[in-house]
Amino acid sequence: MSVIPLVFTSGWASGINAYAVVLLLGVFGATGVSDEVPAALQRTDVLIVAGALFLCEVVADKIPYVDSVWDTAHTVIRPVAGAVIAALLAGESGSLPELAAGAIGGSTALISHLVKAGTRMAVNTSPEPFSNIGMSIAEDLGVAGVVTFAIFNPVAAAVIAAVLLLLGIVIVIFLASRIRRFLRRRAQRREEKRLAGVEGPWPPG
């Protein structure tokens, strides 16, 4: 069962930035840093696609409101990625059934994703863009640091990921009023766009 800590950590990280996880693990495996990375993640085409999508996320994740749209689009992608990565890691180690690993990785990624999305909604109630940039950089560095640490000390990395996940849940609960405010603003904007489309342009005089 020694792969469980790595499965949990990769699931947590996938919920924040799945492309970064694929890219990091793939590079660690391809360069020989770790023997536990599945061959599927080391393929050149996988690394190129993951790298390109990671760059897209780096940009989208730092723009107010665009980051929340990006998160919404990844509500399915991140948990699925977490499940697939976990299943591949389990298949490589042979110490945990792939289905069980997928369930752990996918559910952890889903919770982590919801925490990230909720936190970003709260941040987007602030009028300045620097909070988004700061949050995004902190998330990127956190994912890179914890995933890298997990390669060398998976148990300690899993403990850190668990603490960060619990802390994130507490923060989201604390920011619930801001999240509701963001959702109200978004619903109001959608209604305004709908009404504008129904009314159409004014006829020429």
# chains A, B, ... in the order shown; residues from 1 in each chain; ligands from 1
$ closest_atom_pairs --of "stretch 51-134 of chain A" --to "stretch 13-29 of chain A" --cutoff "8 Å" --atoms "only C-alpha atoms" --output "JSON lines"
{"residue": "A:Gly51", "atom": "CA", "partner": "A:Leu23", "partner_atom": "CA", "distance": 6.3}
{"residue": "A:Leu53", "atom": "CA", "partner": "A:Tyr19", "partner_atom": "CA", "distance": 6.4}
{"residue": "A:Phe54", "atom": "CA", "partner": "A:Tyr19", "partner_atom": "CA", "distance": 5.2}
{"residue": "A:Glu57", "atom": "CA", "partner": "A:Asn17", "partner_atom": "CA", "distance": 8.0}
{"residue": "A:Arg78", "atom": "CA", "partner": "A:Gly15", "partner_atom": "CA", "distance": 5.3}
{"residue": "A:Pro79", "atom": "CA", "partner": "A:Gly15", "partner_atom": "CA", "distance": 6.3}
{"residue": "A:Ala81", "atom": "CA", "partner": "A:Ala18", "partner_atom": "CA", "distance": 6.4}
{"residue": "A:Gly82", "atom": "CA", "partner": "A:Ser14", "partner_atom": "CA", "distance": 5.2}
{"residue": "A:Ile85", "atom": "CA", "partner": "A:Val22", "partner_atom": "CA", "distance": 7.8}
{"residue": "A:Thr108", "atom": "CA", "partner": "A:Gly15", "partner_atom": "CA", "distance": 7.4}
{"residue": "A:Ala109", "atom": "CA", "partner": "A:Gly15", "partner_atom": "CA", "distance": 4.0}
{"residue": "A:Leu110", "atom": "CA", "partner": "A:Gly15", "partner_atom": "CA", "distance": 5.9}
{"residue": "A:Ile111", "atom": "CA", "partner": "A:Gly15", "partner_atom": "CA", "distance": 7.2}
{"residue": "A:Ser112", "atom": "CA", "partner": "A:Gly15", "partner_atom": "CA", "distance": 4.7}
{"residue": "A:His113", "atom": "CA", "partner": "A:Gly15", "partner_atom": "CA", "distance": 4.2}
{"residue": "A:Leu114", "atom": "CA", "partner": "A:Gly15", "partner_atom": "CA", "distance": 7.9}
{"residue": "A:Lys116", "atom": "CA", "partner": "A:Ile16", "partner_atom": "CA", "distance": 6.4}
$ closest_residue --among "A:Leu55, A:Ala100, A:Val123, A:Ile160" --to "A:Arg178" --atoms "only C-alpha atoms"
A:Val123
$ select_by_dssp --residues "chain A" --states "helix (DSSP H, G or I)" --output "ChimeraX atom specification"
/A:4-30,39-42,44-60,66-73,77-93,98-123,130-152,154-174,176-199
$ atom_distance --atom1 "atom CA of A:Leu88" --atom2 "atom CA of A:Gly145"
21.2 Å
$ residues_around --residues "stretch 165-177 of chain A" --least-positions-apart "6" --cutoff "7 Å" --atoms "only C-alpha atoms" --output "number ranges by chain"
A: 112, 115, 118-119, 122
$ residues_around --residues "A:Ser95" --least-positions-apart "5" --cutoff "10 Å" --atoms "only C-alpha atoms" --output "mmCIF file with N, CA and C atoms, in the first residue's frame"
data_model
loop_
_atom_site.group_PDB
_atom_site.id
_atom_site.type_symbol
_atom_site.label_atom_id
_atom_site.label_comp_id
_atom_site.auth_asym_id
_atom_site.auth_seq_id
_atom_site.Cartn_x
_atom_site.Cartn_y
_atom_site.Cartn_z
ATOM 1 N N MET A 1 0.826 -1.216 0.000
ATOM 2 C CA MET A 1 0.000 0.000 0.000
ATOM 3 C C MET A 1 0.857 1.261 0.000
ATOM 4 N N SER A 2 2.150 1.151 -0.294
ATOM 5 C CA SER A 2 3.058 2.289 -0.185
ATOM 6 C C SER A 2 2.772 3.391 -1.190
ATOM 7 N N VAL A 3 1.996 3.091 -2.251
ATOM 8 C CA VAL A 3 1.721 4.099 -3.276
ATOM 9 C C VAL A 3 0.613 5.061 -2.860
ATOM 10 N N ILE A 4 -0.115 4.750 -1.796
ATOM 11 C CA ILE A 4 -1.255 5.574 -1.377
ATOM 12 C C ILE A 4 -0.859 7.031 -1.122
ATOM 13 N N LEU A 89 -0.307 5.316 -11.509
ATOM 14 C CA LEU A 89 0.696 5.138 -10.456
ATOM 15 C C LEU A 89 0.512 3.798 -9.746
ATOM 16 N N ALA A 90 -0.742 3.428 -9.496
ATOM 17 C CA ALA A 90 -1.026 2.151 -8.834
ATOM 18 C C ALA A 90 -0.646 0.980 -9.732
ATOM 19 N N ALA A 101 -7.230 3.117 -6.397
ATOM 20 C CA ALA A 101 -6.359 4.288 -6.536
ATOM 21 C C ALA A 101 -7.070 5.386 -7.302
#
$ closest_residue --among "A:Phe130, A:Trp12, A:Phe182, A:Phe152" --to "A:Tyr65" --atoms "only C-alpha atoms"
A:Phe182
$ atom_distance --atom1 "atom CA of A:Met121" --atom2 "atom CA of A:Ala157"
27.3 Å
$ atom_distance --atom1 "atom CA of A:His74" --atom2 "atom CA of A:Val143"
16.7 Å
